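*Asks:* Handing you a structure now.
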Amino acid sequence: MIMKHERNEDKNDFLLFLLPEIFTVIAGSTAVYAMGIFGKQLSVENALRNAVMTAMGLAVAGFFLRREQLDSQLDYDNDEHLMRFWIAVWSCLLLSLAFYLFLWYYLCSAICRSEFFSPQCFL
């Protein structure tokens, strides 16, 4: 009976650790693909290339977090609070998306409407 309880606990720990990484890789690459298609109006091949590279980068970041946790190389008490890392990653992704939207839609459209540039300055 004890072995079954330990097995379930290990499975829950593994899923708790793996689910944020899977969510981050899927959400990050989907966001990059969508911004490439709709925001930058890239071709499907270029947007897909950017999404794949983003997914690989986020997966490597998750792998290094997992490796440092297993080797006990995390500073302070961060090995007990792994969600701090994922919250920081998600915050950076959201802030970069907000910055991109602000920069592209507000600043670039204001510059294009000015007298100094032609209307097709960022195409």
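Each chain of the structure tokens is named A, B, ... in the order shown, its residues numbered from 1; ligands are numbered from 1 in display order.
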Just want the 12 Å neighbourhood of A:Ala47, counted on only C-alpha atoms, with same-chain residues fewer than 2 positions away dropped. Output as an MDAnalysis selection string.
*Replies:* chainID A and resid 29:45 49:54
*Asks:* Mind the document's chain letters and residue numbers, and return as a PyMOL selection string the residues of stretch 30-109 of chain A that DSSP labels alpha helix (DSSP H).
*Replies:* chain A and resi 30-34+44-70+83-102+109
*Asks:* Kindly save the residues from that selection, with N, CA and C atoms included, as a short mmCIF file (atom, residue, chain, number, x, y, z; two decimals), in the first residue's frame.
*Replies:*
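File written: selection_9.cif
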```
data_model
loop_
_atom_site.label_atom_id
_atom_site.label_comp_id
_atom_site.auth_asym_id
_atom_site.auth_seq_id
_atom_site.Cartn_x
_atom_site.Cartn_y
_atom_site.Cartn_z
N THR A 30 2.63 28.99 -30.25
CA THR A 30 1.38 29.41 -30.89
C THR A 30 1.29 30.92 -30.98
N ALA A 31 1.70 31.61 -29.93
CA ALA A 31 1.68 33.07 -29.94
C ALA A 31 2.64 33.63 -30.98
N VAL A 32 3.82 33.04 -31.08
CA VAL A 32 4.79 33.51 -32.07
C VAL A 32 4.27 33.25 -33.48
N TYR A 33 3.66 32.11 -33.69
CA TYR A 33 3.10 31.80 -35.01
C TYR A 33 1.97 32.78 -35.36
N ALA A 34 1.08 33.03 -34.42
CA ALA A 34 -0.03 33.95 -34.67
C ALA A 34 0.45 35.37 -34.91
N VAL A 44 3.66 31.57 -44.38
CA VAL A 44 3.40 30.46 -43.46
C VAL A 44 4.71 29.77 -43.09
N GLU A 45 5.62 29.61 -44.05
CA GLU A 45 6.89 28.94 -43.79
C GLU A 45 7.73 29.72 -42.79
N ASN A 46 7.80 31.04 -42.94
CA ASN A 46 8.59 31.85 -42.02
C ASN A 46 7.98 31.89 -40.63
N ALA A 47 6.66 31.99 -40.55
CA ALA A 47 6.00 32.00 -39.24
C ALA A 47 6.17 30.65 -38.55
N LEU A 48 6.09 29.57 -39.31
CA LEU A 48 6.29 28.24 -38.74
C LEU A 48 7.73 28.05 -38.28
N ARG A 49 8.68 28.57 -39.03
CA ARG A 49 10.08 28.50 -38.63
C ARG A 49 10.29 29.21 -37.30
N ASN A 50 9.72 30.41 -37.17
CA ASN A 50 9.85 31.16 -35.92
C ASN A 50 9.20 30.42 -34.76
N ALA A 51 8.05 29.80 -35.01
CA ALA A 51 7.35 29.06 -33.95
C ALA A 51 8.14 27.85 -33.50
N VAL A 52 8.75 27.13 -34.44
CA VAL A 52 9.54 25.95 -34.09
C VAL A 52 10.77 26.36 -33.29
N MET A 53 11.44 27.43 -33.69
CA MET A 53 12.61 27.89 -32.94
C MET A 53 12.22 28.35 -31.54
N THR A 54 11.07 28.99 -31.40
CA THR A 54 10.60 29.41 -30.09
C THR A 54 10.29 28.20 -29.22
N ALA A 55 9.63 27.21 -29.79
CA ALA A 55 9.32 25.99 -29.03
C ALA A 55 10.59 25.29 -28.57
N MET A 56 11.60 25.24 -29.42
CA MET A 56 12.85 24.61 -29.04
C MET A 56 13.55 25.39 -27.93
N GLY A 57 13.53 26.71 -28.03
CA GLY A 57 14.15 27.53 -26.98
C GLY A 57 13.46 27.39 -25.64
N LEU A 58 12.13 27.39 -25.65
CA LEU A 58 11.39 27.24 -24.40
C LEU A 58 11.57 25.84 -23.81
N ALA A 59 11.64 24.82 -24.66
CA ALA A 59 11.87 23.46 -24.18
C ALA A 59 13.26 23.31 -23.57
N VAL A 60 14.25 23.96 -24.16
CA VAL A 60 15.60 23.92 -23.60
C VAL A 60 15.64 24.63 -22.24
N ALA A 61 14.93 25.75 -22.12
CA ALA A 61 14.87 26.44 -20.83
C ALA A 61 14.25 25.55 -19.77
N GLY A 62 13.19 24.83 -20.12
CA GLY A 62 12.58 23.90 -19.18
C GLY A 62 13.49 22.75 -18.83
N PHE A 63 14.24 22.26 -19.81
CA PHE A 63 15.18 21.17 -19.56
C PHE A 63 16.25 21.61 -18.59
N PHE A 64 16.79 22.81 -18.77
CA PHE A 64 17.83 23.28 -17.86
C PHE A 64 17.29 23.52 -16.46
N LEU A 65 16.06 23.98 -16.34
CA LEU A 65 15.46 24.11 -15.02
C LEU A 65 15.34 22.75 -14.35
N ARG A 66 14.88 21.76 -15.09
CA ARG A 66 14.75 20.41 -14.54
C ARG A 66 16.11 19.86 -14.14
N ARG A 67 17.12 20.08 -14.97
CA ARG A 67 18.46 19.57 -14.67
C ARG A 67 19.04 20.23 -13.43
N GLU A 68 18.85 21.54 -13.30
CA GLU A 68 19.39 22.23 -12.13
C GLU A 68 18.64 21.83 -10.86
N GLN A 69 17.36 21.52 -10.98
CA GLN A 69 16.62 21.06 -9.81
C GLN A 69 17.11 19.69 -9.37
N LEU A 70 17.33 18.78 -10.31
CA LEU A 70 17.79 17.44 -9.96
C LEU A 70 19.21 17.44 -9.40
N MET A 83 7.45 27.10 -9.59
CA MET A 83 6.52 27.93 -10.35
C MET A 83 7.01 29.37 -10.48
N ARG A 84 7.94 29.79 -9.62
CA ARG A 84 8.52 31.14 -9.76
C ARG A 84 9.15 31.30 -11.14
N PHE A 85 9.86 30.28 -11.58
CA PHE A 85 10.51 30.33 -12.89
C PHE A 85 9.47 30.46 -14.00
N TRP A 86 8.42 29.63 -13.95
CA TRP A 86 7.42 29.65 -15.01
C TRP A 86 6.62 30.95 -14.99
N ILE A 87 6.36 31.49 -13.81
CA ILE A 87 5.66 32.77 -13.73
C ILE A 87 6.52 33.87 -14.34
N ALA A 88 7.82 33.83 -14.11
CA ALA A 88 8.71 34.82 -14.73
C ALA A 88 8.73 34.66 -16.25
N VAL A 89 8.76 33.42 -16.73
CA VAL A 89 8.74 33.19 -18.19
C VAL A 89 7.44 33.69 -18.79
N TRP A 90 6.30 33.34 -18.16
CA TRP A 90 5.00 33.78 -18.68
C TRP A 90 4.86 35.29 -18.64
N SER A 91 5.39 35.93 -17.59
CA SER A 91 5.34 37.39 -17.51
C SER A 91 6.15 38.03 -18.63
N CYS A 92 7.32 37.47 -18.90
CA CYS A 92 8.15 38.02 -19.98
C CYS A 92 7.47 37.84 -21.34
N LEU A 93 6.84 36.70 -21.56
CA LEU A 93 6.13 36.49 -22.83
C LEU A 93 4.98 37.48 -22.98
N LEU A 94 4.21 37.69 -21.91
CA LEU A 94 3.09 38.63 -21.99
C LEU A 94 3.56 40.07 -22.16
N LEU A 95 4.63 40.45 -21.46
CA LEU A 95 5.15 41.81 -21.60
C LEU A 95 5.74 42.05 -22.98
N SER A 96 6.40 41.04 -23.55
CA SER A 96 6.93 41.22 -24.90
C SER A 96 5.81 41.33 -25.92
N LEU A 97 4.74 40.58 -25.73
CA LEU A 97 3.58 40.68 -26.61
C LEU A 97 2.93 42.06 -26.48
N ALA A 98 2.78 42.54 -25.26
CA ALA A 98 2.18 43.86 -25.05
C ALA A 98 3.07 44.95 -25.65
N PHE A 99 4.38 44.83 -25.48
CA PHE A 99 5.30 45.81 -26.05
C PHE A 99 5.23 45.80 -27.57
N TYR A 100 5.19 44.61 -28.15
CA TYR A 100 5.11 44.51 -29.60
C TYR A 100 3.83 45.16 -30.12
N LEU A 101 2.71 44.85 -29.48
CA LEU A 101 1.44 45.44 -29.91
C LEU A 101 1.45 46.95 -29.77
N PHE A 102 1.99 47.45 -28.67
CA PHE A 102 2.06 48.90 -28.48
C PHE A 102 2.97 49.53 -29.53
N SER A 109 2.12 53.34 -36.55
CA SER A 109 1.04 53.99 -37.29
C SER A 109 1.10 55.50 -37.14
#
```
